[in-house]
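Content type mmCIF, C-alpha atoms, from the file upload29.cif:
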```
data_final
#
loop_
_atom_site.group_PDB
_atom_site.id
_atom_site.type_symbol
_atom_site.label_atom_id
_atom_site.label_comp_id
_atom_site.auth_asym_id
_atom_site.auth_seq_id
_atom_site.Cartn_x
_atom_site.Cartn_y
_atom_site.Cartn_z
ATOM 1 C CA MET D 1 17.061 -27.406 -8.746
ATOM 2 C CA THR D 2 20.726 -26.773 -7.943
ATOM 3 C CA THR D 3 20.323 -23.127 -8.927
ATOM 4 C CA LYS D 4 17.338 -22.861 -6.611
ATOM 5 C CA GLN D 5 19.285 -24.436 -3.756
ATOM 6 C CA ARG D 6 22.184 -22.111 -4.403
ATOM 7 C CA GLU D 7 19.864 -19.102 -4.411
ATOM 8 C CA ASP D 8 18.319 -20.180 -1.107
ATOM 9 C CA TRP D 9 21.718 -20.678 0.443
ATOM 10 C CA LEU D 10 22.960 -17.300 -0.789
ATOM 11 C CA ALA D 11 19.829 -15.577 0.487
ATOM 12 C CA GLN D 12 20.401 -17.002 3.964
ATOM 13 C CA VAL D 13 24.062 -16.055 4.038
ATOM 14 C CA ARG D 14 23.434 -12.539 2.744
ATOM 15 C CA ARG D 15 20.598 -11.912 5.113
ATOM 16 C CA GLY D 16 22.695 -11.633 8.222
ATOM 17 C CA LEU D 17 25.732 -10.156 6.522
ATOM 18 C CA LEU D 18 23.800 -7.261 5.067
ATOM 19 C CA GLU D 19 22.969 -6.106 8.578
ATOM 20 C CA LEU D 20 26.683 -6.057 9.402
ATOM 21 C CA CYS D 21 27.447 -4.135 6.191
ATOM 22 C CA VAL D 22 24.707 -1.549 6.734
ATOM 23 C CA LEU D 23 25.857 -0.919 10.304
ATOM 24 C CA ALA D 24 29.500 -0.668 9.188
ATOM 25 C CA LEU D 25 28.653 1.746 6.348
ATOM 26 C CA THR D 26 26.680 3.919 8.743
ATOM 27 C CA ASP D 27 29.596 3.878 11.166
ATOM 28 C CA GLN D 28 31.977 5.121 8.453
ATOM 29 C CA GLN D 29 29.777 8.123 7.712
ATOM 30 C CA THR D 30 26.231 9.213 8.409
ATOM 31 C CA THR D 31 24.250 8.470 5.305
ATOM 32 C CA TYR D 32 20.782 8.875 3.804
ATOM 33 C CA GLY D 33 18.714 6.098 2.245
ATOM 34 C CA TYR D 34 19.469 6.664 -1.413
ATOM 35 C CA GLU D 35 23.195 7.027 -0.713
ATOM 36 C CA MET D 36 23.179 3.802 1.294
ATOM 37 C CA VAL D 37 21.535 1.966 -1.625
ATOM 38 C CA THR D 38 24.086 3.443 -4.043
ATOM 39 C CA ARG D 39 27.014 2.456 -1.849
ATOM 40 C CA LEU D 40 25.698 -1.094 -1.513
ATOM 41 C CA ALA D 41 25.230 -1.279 -5.284
ATOM 42 C CA ARG D 42 29.039 -1.292 -5.620
ATOM 43 C CA THR D 43 28.921 -4.874 -4.293
ATOM 44 C CA PRO D 44 26.246 -6.658 -6.317
ATOM 45 C CA GLN D 45 27.275 -9.965 -4.691
ATOM 46 C CA LEU D 46 25.237 -8.878 -1.695
ATOM 47 C CA ALA D 47 22.129 -8.353 -3.854
ATOM 48 C CA ALA D 48 21.177 -5.492 -1.542
ATOM 49 C CA GLY D 49 18.612 -3.610 -3.606
ATOM 50 C CA GLU D 50 16.083 -1.039 -2.474
ATOM 51 C CA GLY D 51 13.563 -3.736 -1.644
ATOM 52 C CA THR D 52 15.925 -5.242 0.924
ATOM 53 C CA VAL D 53 17.780 -2.217 2.277
ATOM 54 C CA TYR D 54 14.824 -0.025 3.233
ATOM 55 C CA PRO D 55 12.972 -2.703 5.219
ATOM 56 C CA LEU D 56 16.255 -3.548 6.996
ATOM 57 C CA LEU D 57 16.939 0.114 7.824
ATOM 58 C CA ARG D 58 13.429 0.308 9.207
ATOM 59 C CA ARG D 59 14.011 -2.672 11.505
ATOM 60 C CA LEU D 60 17.394 -1.402 12.698
ATOM 61 C CA ARG D 61 15.674 1.856 13.563
ATOM 62 C CA ARG D 62 12.877 0.113 15.394
ATOM 63 C CA ASP D 63 15.418 -1.946 17.323
ATOM 64 C CA GLY D 64 17.163 1.246 18.412
ATOM 65 C CA LEU D 65 20.441 0.509 16.605
ATOM 66 C CA LEU D 66 20.036 3.409 14.184
ATOM 67 C CA ARG D 67 18.485 6.820 14.627
ATOM 68 C CA THR D 68 17.634 9.427 12.036
ATOM 69 C CA SER D 69 17.918 13.168 11.814
ATOM 70 C CA TRP D 70 16.945 15.643 9.119
ATOM 71 C CA LYS D 71 19.714 17.682 7.544
ATOM 72 C CA GLU D 72 19.633 20.322 4.846
ATOM 73 C CA SER D 73 20.981 19.201 1.465
ATOM 74 C CA ASP D 74 22.834 21.258 -1.145
ATOM 75 C CA ALA D 75 20.184 20.525 -3.726
ATOM 76 C CA GLY D 76 16.556 19.763 -3.048
ATOM 77 C CA PRO D 77 14.646 19.123 0.175
ATOM 78 C CA PRO D 78 16.244 18.097 3.522
ATOM 79 C CA ARG D 79 17.497 14.517 3.796
ATOM 80 C CA GLN D 80 16.932 12.000 6.525
ATOM 81 C CA TYR D 81 20.352 10.809 7.684
ATOM 82 C CA TYR D 82 20.980 7.567 9.522
ATOM 83 C CA GLU D 83 23.521 7.284 12.311
ATOM 84 C CA LEU D 84 24.447 4.642 14.853
ATOM 85 C CA THR D 85 23.086 4.894 18.376
ATOM 86 C CA ALA D 86 25.277 3.892 21.312
ATOM 87 C CA SER D 87 23.662 0.474 21.334
ATOM 88 C CA GLY D 88 24.110 0.254 17.563
ATOM 89 C CA ARG D 89 27.817 0.904 18.003
ATOM 90 C CA ARG D 90 28.095 -1.875 20.595
ATOM 91 C CA HIS D 91 26.104 -4.211 18.367
ATOM 92 C CA LEU D 92 28.374 -3.474 15.403
ATOM 93 C CA ALA D 93 31.500 -4.161 17.470
ATOM 94 C CA ALA D 94 30.048 -7.480 18.616
ATOM 95 C CA LEU D 95 29.041 -8.497 15.070
ATOM 96 C CA HIS D 96 32.479 -7.528 13.783
ATOM 97 C CA HIS D 97 34.033 -9.807 16.369
ATOM 98 C CA ASP D 98 31.610 -12.643 15.561
ATOM 99 C CA TRP D 99 32.198 -12.271 11.827
ATOM 100 C CA ALA D 100 35.978 -12.541 12.237
ATOM 101 C CA ALA D 101 35.520 -15.661 14.363
ATOM 102 C CA ILE D 102 33.172 -17.202 11.800
ATOM 103 C CA VAL D 103 35.517 -16.522 8.884
ATOM 104 C CA ASP D 104 38.311 -18.263 10.810
ATOM 105 C CA ALA D 105 36.058 -21.170 11.678
ATOM 106 C CA VAL D 106 34.870 -21.613 8.104
ATOM 107 C CA ARG D 107 38.391 -21.444 6.773
ATOM 108 C CA ILE D 108 39.457 -24.208 9.146
ATOM 109 C CA ASN D 109 36.685 -26.427 7.835
ATOM 110 C CA LEU D 110 37.192 -25.618 4.168
ATOM 111 C CA GLU D 111 40.917 -26.242 4.048
ATOM 112 C CA PRO D 112 42.058 -29.849 4.083
ATOM 113 C CA GLU D 113 44.054 -30.740 7.183
ATOM 114 C CA THR D 114 47.771 -30.584 6.530
ATOM 115 C CA ALA D 115 49.817 -33.424 7.922
ATOM 116 C CA PRO D 116 52.400 -32.263 10.484
ATOM 117 C CA MET Q 1 9.060 18.445 -2.428
ATOM 118 C CA SER Q 2 10.459 19.625 -5.708
ATOM 119 C CA THR Q 3 10.679 16.516 -7.914
ATOM 120 C CA ALA Q 4 8.427 13.870 -6.416
ATOM 121 C CA SER Q 5 5.319 14.720 -8.431
ATOM 122 C CA ASN Q 6 5.565 12.043 -11.077
ATOM 123 C CA PRO Q 7 2.268 10.269 -11.815
ATOM 124 C CA ALA Q 8 3.843 6.798 -12.119
ATOM 125 C CA ILE Q 9 5.704 7.229 -8.819
ATOM 126 C CA ASP Q 10 2.543 8.555 -7.173
ATOM 127 C CA ARG Q 11 0.598 5.516 -8.355
ATOM 128 C CA TYR Q 12 3.327 3.254 -6.996
ATOM 129 C CA LEU Q 13 3.235 5.000 -3.618
ATOM 130 C CA THR Q 14 -0.547 4.748 -3.467
ATOM 131 C CA LYS Q 15 -0.349 1.005 -4.106
ATOM 132 C CA LEU Q 16 2.403 0.612 -1.523
ATOM 133 C CA SER Q 17 0.378 2.557 1.014
ATOM 134 C CA THR Q 18 -2.611 0.276 0.433
ATOM 135 C CA GLU Q 19 -0.489 -2.863 0.656
ATOM 136 C CA LEU Q 20 0.996 -1.658 3.934
ATOM 137 C CA SER Q 21 -2.279 -0.642 5.543
ATOM 138 C CA ASP Q 22 -1.798 -3.280 8.263
ATOM 139 C CA LEU Q 23 1.376 -1.546 9.429
ATOM 140 C CA PRO Q 24 0.693 0.589 12.519
ATOM 141 C CA GLU Q 25 1.059 4.366 12.520
ATOM 142 C CA PRO Q 26 3.310 6.304 12.474
ATOM 143 C CA GLU Q 27 5.383 3.597 10.782
ATOM 144 C CA HIS Q 28 2.999 3.277 7.853
ATOM 145 C CA THR Q 29 3.275 6.972 6.992
ATOM 146 C CA GLU Q 30 7.032 6.987 7.585
ATOM 147 C CA VAL Q 31 7.627 4.044 5.248
ATOM 148 C CA VAL Q 32 5.661 5.631 2.397
ATOM 149 C CA HIS Q 33 7.545 8.850 3.093
ATOM 150 C CA GLU Q 34 10.981 7.239 2.958
ATOM 151 C CA ILE Q 35 10.211 5.496 -0.334
ATOM 152 C CA ARG Q 36 8.884 8.796 -1.711
ATOM 153 C CA ASN Q 37 12.150 10.472 -0.659
ATOM 154 C CA HIS Q 38 14.152 7.672 -2.245
ATOM 155 C CA ALA Q 39 12.317 8.118 -5.560
ATOM 156 C CA ALA Q 40 12.853 11.878 -5.430
ATOM 157 C CA GLU Q 41 16.589 11.454 -4.752
ATOM 158 C CA ALA Q 42 16.964 8.865 -7.510
ATOM 159 C CA MET Q 43 15.201 11.079 -10.043
ATOM 160 C CA ARG Q 44 17.291 14.066 -8.972
ATOM 161 C CA ALA Q 45 20.346 11.861 -9.602
ATOM 162 C CA GLY Q 46 19.100 11.417 -13.164
ATOM 163 C CA GLU Q 47 17.301 8.055 -13.008
ATOM 164 C CA ASP Q 48 14.072 7.825 -14.932
ATOM 165 C CA PRO Q 49 10.862 6.941 -13.040
ATOM 166 C CA ALA Q 50 10.438 3.577 -14.790
ATOM 167 C CA THR Q 51 13.879 2.414 -13.600
ATOM 168 C CA VAL Q 52 13.220 3.676 -10.084
ATOM 169 C CA ILE Q 53 9.957 1.732 -9.945
ATOM 170 C CA GLU Q 54 11.506 -1.377 -11.435
ATOM 171 C CA ARG Q 55 14.285 -1.386 -8.872
ATOM 172 C CA LEU Q 56 11.893 -0.860 -5.977
ATOM 173 C CA GLY Q 57 10.085 -3.974 -7.154
ATOM 174 C CA ASP Q 58 6.429 -4.895 -7.002
ATOM 175 C CA PRO Q 59 4.692 -2.837 -4.273
ATOM 176 C CA SER Q 60 3.182 -5.949 -2.699
ATOM 177 C CA GLN Q 61 6.625 -7.573 -2.525
ATOM 178 C CA LEU Q 62 8.197 -4.488 -1.004
ATOM 179 C CA ALA Q 63 5.374 -4.365 1.534
ATOM 180 C CA GLN Q 64 5.922 -8.028 2.287
ATOM 181 C CA ALA Q 65 9.658 -7.416 2.787
ATOM 182 C CA TYR Q 66 8.812 -4.755 5.371
ATOM 183 C CA ARG Q 67 6.379 -7.079 7.048
ATOM 184 C CA VAL Q 68 8.865 -9.945 7.193
ATOM 185 C CA GLU Q 69 11.682 -7.705 8.397
ATOM 186 C CA LEU Q 70 9.617 -6.032 11.087
ATOM 187 C CA ALA Q 71 8.105 -9.319 12.239
ATOM 188 C CA ILE Q 72 11.522 -10.593 13.271
ATOM 189 C CA THR Q 73 11.444 -8.600 16.509
ATOM 190 C CA GLY Q 74 7.932 -9.684 17.515
ATOM 191 C CA SER Q 75 7.791 -13.245 18.850
ATOM 192 C CA ARG Q 76 4.099 -13.905 18.294
ATOM 193 C CA ARG Q 77 3.924 -12.599 14.762
ATOM 194 C CA PRO Q 78 3.371 -15.955 13.003
ATOM 195 C CA LEU Q 79 0.194 -16.477 15.009
ATOM 196 C CA ARG Q 80 -0.897 -12.931 14.361
ATOM 197 C CA ARG Q 81 -0.496 -13.469 10.644
ATOM 198 C CA VAL Q 82 -2.724 -16.533 10.694
ATOM 199 C CA ALA Q 83 -5.226 -14.622 12.826
ATOM 200 C CA ARG Q 84 -5.147 -11.765 10.358
ATOM 201 C CA VAL Q 85 -5.967 -14.038 7.446
ATOM 202 C CA PHE Q 86 -8.979 -15.432 9.315
ATOM 203 C CA ALA Q 87 -10.055 -11.943 10.369
ATOM 204 C CA LEU Q 88 -9.942 -10.782 6.750
ATOM 205 C CA ILE Q 89 -12.004 -13.758 5.609
ATOM 206 C CA GLY Q 90 -14.542 -13.017 8.355
ATOM 207 C CA VAL Q 91 -14.798 -9.331 7.514
ATOM 208 C CA THR Q 92 -15.177 -10.116 3.818
ATOM 209 C CA ALA Q 93 -17.951 -12.657 4.451
ATOM 210 C CA VAL Q 94 -19.942 -10.349 6.741
ATOM 211 C CA SER Q 95 -19.506 -7.279 4.591
ATOM 212 C CA SER Q 96 -20.425 -9.093 1.398
ATOM 213 C CA LEU Q 97 -23.729 -10.154 2.984
ATOM 214 C CA ALA Q 98 -24.417 -6.539 3.983
ATOM 215 C CA SER Q 99 -23.301 -5.368 0.537
ATOM 216 C CA PHE Q 100 -25.678 -7.795 -1.104
ATOM 217 C CA VAL Q 101 -28.657 -6.338 0.816
ATOM 218 C CA VAL Q 102 -27.582 -2.733 0.162
ATOM 219 C CA ILE Q 103 -27.048 -3.347 -3.549
ATOM 220 C CA VAL Q 104 -30.428 -5.088 -3.987
ATOM 221 C CA VAL Q 105 -32.310 -2.359 -2.062
ATOM 222 C CA LEU Q 106 -30.542 0.509 -3.843
ATOM 223 C CA GLY Q 107 -31.009 -1.183 -7.207
ATOM 224 C CA ALA Q 108 -34.746 -1.697 -6.647
ATOM 225 C CA LEU Q 109 -35.120 1.868 -5.391
ATOM 226 C CA THR Q 110 -33.343 3.252 -8.447
ATOM 227 C CA LEU Q 111 -35.530 1.304 -10.868
ATOM 228 C CA ALA Q 112 -38.770 2.136 -9.020
ATOM 229 C CA LEU Q 113 -38.013 5.867 -8.753
ATOM 230 C CA ILE Q 114 -36.943 6.269 -12.365
ATOM 231 C CA GLY Q 115 -39.825 4.101 -13.613
ATOM 232 C CA GLY Q 116 -42.428 5.900 -11.458
ATOM 233 C CA GLY Q 117 -41.041 9.315 -12.365
ATOM 234 C CA ALA Q 118 -41.075 8.571 -16.085
ATOM 235 C CA ALA Q 119 -44.657 7.240 -15.844
ATOM 236 C CA ALA Q 120 -45.812 10.390 -14.033
ATOM 237 C CA ILE Q 121 -44.245 12.609 -16.699
ATOM 238 C CA VAL Q 122 -45.857 10.602 -19.513
ATOM 239 C CA VAL Q 123 -49.276 10.671 -17.832
ATOM 240 C CA GLY Q 124 -48.958 14.448 -17.310
ATOM 241 C CA ILE Q 125 -48.034 15.093 -20.938
ATOM 242 C CA VAL Q 126 -50.692 12.791 -22.383
ATOM 243 C CA SER Q 127 -53.348 14.299 -20.153
ATOM 244 C CA LEU Q 128 -52.249 17.813 -21.145
ATOM 245 C CA LEU Q 129 -52.517 16.964 -24.839
ATOM 246 C CA LEU Q 130 -55.929 15.312 -24.553
ATOM 247 C CA PRO Q 131 -58.904 17.655 -24.982
ATOM 248 C CA GLY Q 132 -61.318 18.454 -22.178
ATOM 249 C CA ASP Q 133 -61.182 20.391 -18.983
ATOM 250 C CA TYR Q 134 -62.401 19.481 -15.534
ATOM 251 C CA VAL Q 135 -61.669 20.069 -11.901
ATOM 252 C CA ASP Q 136 -59.649 17.241 -10.397
ATOM 253 C CA THR Q 137 -61.692 15.013 -8.151
ATOM 254 C CA VAL Q 138 -58.839 14.038 -5.918
ATOM 255 C CA LEU Q 139 -57.357 17.519 -5.573
ATOM 256 C CA PRO Q 140 -59.849 20.383 -5.964
ATOM 257 C CA ILE Q 141 -57.658 22.221 -8.518
ATOM 258 C CA PRO Q 142 -57.875 22.876 -12.287
ATOM 259 C CA GLN Q 143 -56.754 20.104 -14.614
ATOM 260 C CA THR Q 144 -53.774 22.001 -16.099
ATOM 261 C CA ILE Q 145 -52.246 22.571 -12.671
ATOM 262 C CA SER Q 146 -52.790 18.960 -11.733
ATOM 263 C CA GLU Q 147 -51.058 17.895 -14.956
ATOM 264 C CA LEU Q 148 -48.133 20.221 -14.328
ATOM 265 C CA LEU Q 149 -47.923 18.854 -10.776
ATOM 266 C CA ALA Q 150 -47.745 15.334 -12.165
ATOM 267 C CA MET Q 151 -44.929 16.278 -14.532
ATOM 268 C CA GLY Q 152 -43.011 18.203 -11.868
ATOM 269 C CA GLY Q 153 -43.404 15.311 -9.434
ATOM 270 C CA GLY Q 154 -42.263 12.937 -12.169
ATOM 271 C CA VAL Q 155 -39.136 14.970 -12.774
ATOM 272 C CA ALA Q 156 -38.400 15.027 -9.018
ATOM 273 C CA LEU Q 157 -38.887 11.242 -8.762
ATOM 274 C CA THR Q 158 -36.609 10.653 -11.750
ATOM 275 C CA LEU Q 159 -33.922 12.865 -10.243
ATOM 276 C CA ALA Q 160 -34.199 10.971 -6.947
ATOM 277 C CA GLY Q 161 -33.837 7.737 -8.929
ATOM 278 C CA LEU Q 162 -30.738 9.020 -10.680
ATOM 279 C CA PHE Q 163 -29.285 10.061 -7.311
ATOM 280 C CA SER Q 164 -29.943 6.597 -5.956
ATOM 281 C CA GLY Q 165 -28.288 5.150 -9.074
ATOM 282 C CA VAL Q 166 -25.205 7.276 -8.512
ATOM 283 C CA LEU Q 167 -25.092 6.128 -4.866
ATOM 284 C CA LEU Q 168 -25.323 2.530 -6.075
ATOM 285 C CA PHE Q 169 -22.469 3.090 -8.508
ATOM 286 C CA PHE Q 170 -20.167 4.512 -5.837
ATOM 287 C CA TYR Q 171 -21.119 1.813 -3.373
ATOM 288 C CA VAL Q 172 -20.355 -0.967 -5.857
ATOM 289 C CA ARG Q 173 -17.064 0.702 -6.727
ATOM 290 C CA MET Q 174 -16.144 0.920 -3.042
ATOM 291 C CA VAL Q 175 -17.011 -2.742 -2.483
ATOM 292 C CA VAL Q 176 -14.978 -3.839 -5.517
ATOM 293 C CA ARG Q 177 -11.974 -1.823 -4.350
ATOM 294 C CA GLY Q 178 -12.267 -3.153 -0.818
ATOM 295 C CA PHE Q 179 -12.484 -6.677 -2.152
ATOM 296 C CA ARG Q 180 -9.377 -6.211 -4.289
ATOM 297 C CA ARG Q 181 -7.550 -4.838 -1.288
ATOM 298 C CA VAL Q 182 -8.503 -7.797 0.855
ATOM 299 C CA THR Q 183 -7.529 -10.349 -1.784
ATOM 300 C CA GLY Q 184 -4.245 -8.499 -2.337
ATOM 301 C CA ARG Q 185 -3.475 -8.704 1.358
ATOM 302 C CA LEU Q 186 -4.458 -12.346 1.557
ATOM 303 C CA ARG Q 187 -2.069 -13.033 -1.301
ATOM 304 C CA ALA Q 188 0.660 -11.068 0.468
ATOM 305 C CA ALA Q 189 0.046 -12.843 3.777
ATOM 306 C CA ARG Q 190 0.263 -16.231 2.090
ATOM 307 C CA ALA Q 191 3.479 -15.380 0.229
#
```
Before anything else, please render the file you have as C-alpha cells.
Amino acid sequence: MTTKQREDWLAQVRRGLLELCVLALTDQQTTYGYEMVTRLARTPQLAAGEGTVYPLLRRLRRDGLLRTSWKESDAGPPRQYYELTASGRRHLAALHHDWAAIVDAVRINLEPETAP
Amino acid sequence: MSTASNPAIDRYLTKLSTELSDLPEPEHTEVVHEIRNHAAEAMRAGEDPATVIERLGDPSQLAQAYRVELAITGSRRPLRRVARVFALIGVTAVSSLASFVVIVVLGALTLALIGGGAAAIVVGIVSLLLPGDYVDTVLPIPQTISELLAMGGGVALTLAGLFSGVLLFFYVRMVVRGFRRVTGRLRAARA
C-alpha cells in the first residue's frame, strides 16, 4: 500500500516536471523524438519513457508551444525536429520561474525552523 | 523508409492505429507516423524490434496515454468520454441485431443453394444412367439435353451457394473484428 501511494505521488510530481524538462531540452537544441527519449533516459528518476514522452510532445504541439520541421539526416530518412515557438519560449521562462519559487517554498517547509 | 519494414513493428502500428481510431485526422495519421519513425530510428541505432515494442508498451496503453494527454486541453472531454461509451454500446446493439438477420439469411441461402444444386446434379446423373428415352413434357426437348441442363443448373446453383458461403465467412469475420475493436475501446475508455 505504501509503495502504491509512493508511486501515485511520484507520478503526480513527475507529470508536471516532465513538461518543464521537455521544453528546456528543446530550448537547448532542436531535437527529434528518438533523441529526446534518449536524452530523457539519462535521468530514469523521471520515468519518462516513450509511452509518456510522445503523447506529451503531441500535446505541446497542439497547444502551440512546440512546432516541428523536417530536416535531412546523415543516415536514413529525414527527421522531424521539434523547436520552441515564441509562446513556448515564454511558457518555459514562466515555468522556470515558478519551479525556482516552488523549490524555495518546499525547502522552507522541509527544513526545521532554526531558532534565532 | 529504409528500415521500418519489420513485421512485428508493423503489427504493433496496426494495433495502435486501431486503438487510436477515435483520434481525429490528421492527428491520428501523424501519431502512427511518429511512432513508426521512432521505431525506425531505434532500430537504426541498433535496438532490436522486441525491445522497441516492449519500451513503447501495450498499444492500448500508449493510445490511452495520448487520449489522456490530449484531453487535458479540452474542457468537456470527460463528458465526451462517457458519451462515447454509450454511443459504442448503442452501435454494437443495433449492428448485432442487423448482423443476426444477415447471418441467418446468408446461412439459409448458402444451405439452400448448395443443397438444391447438389440435388439437381444427382437427379441429372441418375436420369442419364437410367434406360429409356423420351421428349420432356415440361420442356419440348430431348431427354439427354434436359438431363445435361439439370446438371449444368445444379453446378451453377452450387457455385452460387459457395459464393454465398464465402460472403457469409467474410461478413462474420468483419463482425468479429468490429466487435473486438469495440470491446478494446470500451476497455481503454474505462481504464
| field | chain D contacts to chain Q at 6 Å (all atoms listed in the file) as an MDAnalysis selection string | value | chainID D and resid 34 50:51 55 59
| Hits from the PyMOL selection byres ((chain Q and resi 152) around 12), listed as a PyMOL selection string | chain Q and resi 117-125+145-151+153-159
Output C-alpha atoms for every residue in that selection, as a short mmCIF file (atom, residue, chain, number, x, y, z; two decimals), in the coordinates of the input.
```cif
data_model
loop_
_atom_site.label_atom_id
_atom_site.label_comp_id
_atom_site.auth_asym_id
_atom_site.auth_seq_id
_atom_site.Cartn_x
_atom_site.Cartn_y
_atom_site.Cartn_z
CA GLY Q 117 -41.04 9.32 -12.36
CA ALA Q 118 -41.08 8.57 -16.08
CA ALA Q 119 -44.66 7.24 -15.84
CA ALA Q 120 -45.81 10.39 -14.03
CA ILE Q 121 -44.24 12.61 -16.70
CA VAL Q 122 -45.86 10.60 -19.51
CA VAL Q 123 -49.28 10.67 -17.83
CA GLY Q 124 -48.96 14.45 -17.31
CA ILE Q 125 -48.03 15.09 -20.94
CA ILE Q 145 -52.25 22.57 -12.67
CA SER Q 146 -52.79 18.96 -11.73
CA GLU Q 147 -51.06 17.90 -14.96
CA LEU Q 148 -48.13 20.22 -14.33
CA LEU Q 149 -47.92 18.85 -10.78
CA ALA Q 150 -47.74 15.33 -12.16
CA MET Q 151 -44.93 16.28 -14.53
CA GLY Q 153 -43.40 15.31 -9.43
CA GLY Q 154 -42.26 12.94 -12.17
CA VAL Q 155 -39.14 14.97 -12.77
CA ALA Q 156 -38.40 15.03 -9.02
CA LEU Q 157 -38.89 11.24 -8.76
CA THR Q 158 -36.61 10.65 -11.75
CA LEU Q 159 -33.92 12.86 -10.24
#
```
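As for CA of Gly115 (chain Q) and CA of Gly165 (chain Q), they are spaced 12.4 Å apart.
Take the PyMOL selection byres ((chain D and resi 23) around 9) and apply it to this file: it picks Leu18, Glu19, Leu20, Cys21, Val22, Ala24, Leu25, Thr26, Asp27, Gln28, Leu60, Leu65, Leu66, Glu83, Leu84, Gly88, Arg89, His91 and Leu92 of chain D.
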| said: List the spatial neighbours of Ile9 (chain Q) as a PyMOL selection string - criterion: any atom at most 9 Å away, only C-alpha atoms, same-chain residues fewer than 3 positions off excluded. | reply: chain Q and resi 4-6+12-14+36+39+49-50+52-53
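Here CA of Phe169 (chain Q) stands at a distance of 9.3 Å from CA of Ile103 (chain Q).
Take the PyMOL selection byres ((chain D and resi 69) around 10) and apply it to this file: it picks Thr30, Tyr32, Arg67, Thr68, Trp70, Lys71, Pro78, Arg79, Gln80, Tyr81, Tyr82 and Glu83 of chain D.
Computed from the coordinates, the CA of Ala98 (chain Q) to CA of Ile114 (chain Q) distance equals 24.3 Å.
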Take region 102-114 of chain D, bring it up to N, CA and C atoms, and give me the output as a PDB file, in the frame of the given file.
```
ATOM      1  N   ILE D 102      33.831 -16.280  12.729  1.00  0.00           N
ATOM      2  CA  ILE D 102      33.172 -17.202  11.800  1.00  0.00           C
ATOM      3  C   ILE D 102      34.037 -17.443  10.560  1.00  0.00           C
ATOM      4  N   VAL D 103      34.644 -16.371  10.049  1.00  0.00           N
ATOM      5  CA  VAL D 103      35.517 -16.522   8.884  1.00  0.00           C
ATOM      6  C   VAL D 103      36.648 -17.500   9.202  1.00  0.00           C
ATOM      7  N   ASP D 104      37.247 -17.344  10.386  1.00  0.00           N
ATOM      8  CA  ASP D 104      38.311 -18.263  10.810  1.00  0.00           C
ATOM      9  C   ASP D 104      37.781 -19.693  10.865  1.00  0.00           C
ATOM     10  N   ALA D 105      36.627 -19.838  11.491  1.00  0.00           N
ATOM     11  CA  ALA D 105      36.058 -21.170  11.678  1.00  0.00           C
ATOM     12  C   ALA D 105      35.759 -21.825  10.337  1.00  0.00           C
ATOM     13  N   VAL D 106      35.208 -21.051   9.411  1.00  0.00           N
ATOM     14  CA  VAL D 106      34.870 -21.613   8.104  1.00  0.00           C
ATOM     15  C   VAL D 106      36.152 -22.012   7.372  1.00  0.00           C
ATOM     16  N   ARG D 107      37.141 -21.153   7.473  1.00  0.00           N
ATOM     17  CA  ARG D 107      38.391 -21.444   6.773  1.00  0.00           C
ATOM     18  C   ARG D 107      38.978 -22.767   7.263  1.00  0.00           C
ATOM     19  N   ILE D 108      38.938 -22.962   8.580  1.00  0.00           N
ATOM     20  CA  ILE D 108      39.457 -24.208   9.146  1.00  0.00           C
ATOM     21  C   ILE D 108      38.753 -25.412   8.522  1.00  0.00           C
ATOM     22  N   ASN D 109      37.449 -25.287   8.357  1.00  0.00           N
ATOM     23  CA  ASN D 109      36.685 -26.427   7.835  1.00  0.00           C
ATOM     24  C   ASN D 109      36.820 -26.600   6.325  1.00  0.00           C
ATOM     25  N   LEU D 110      37.095 -25.522   5.629  1.00  0.00           N
ATOM     26  CA  LEU D 110      37.192 -25.618   4.168  1.00  0.00           C
ATOM     27  C   LEU D 110      38.543 -26.171   3.720  1.00  0.00           C
ATOM     28  N   GLU D 111      39.576 -25.807   4.460  1.00  0.00           N
ATOM     29  CA  GLU D 111      40.917 -26.242   4.048  1.00  0.00           C
ATOM     30  C   GLU D 111      41.175 -27.665   4.526  1.00  0.00           C
ATOM     31  N   PRO D 112      41.731 -28.485   3.654  1.00  0.00           N
ATOM     32  CA  PRO D 112      42.058 -29.849   4.083  1.00  0.00           C
ATOM     33  C   PRO D 112      43.153 -29.809   5.152  1.00  0.00           C
ATOM     34  N   GLU D 113      43.062 -30.728   6.102  1.00  0.00           N
ATOM     35  CA  GLU D 113      44.054 -30.740   7.183  1.00  0.00           C
ATOM     36  C   GLU D 113      45.424 -31.095   6.627  1.00  0.00           C
ATOM     37  N   THR D 114      46.411 -30.303   6.999  1.00  0.00           N
ATOM     38  CA  THR D 114      47.771 -30.584   6.530  1.00  0.00           C
ATOM     39  C   THR D 114      48.472 -31.477   7.545  1.00  0.00           C
TER      40      THR D 114
END
```
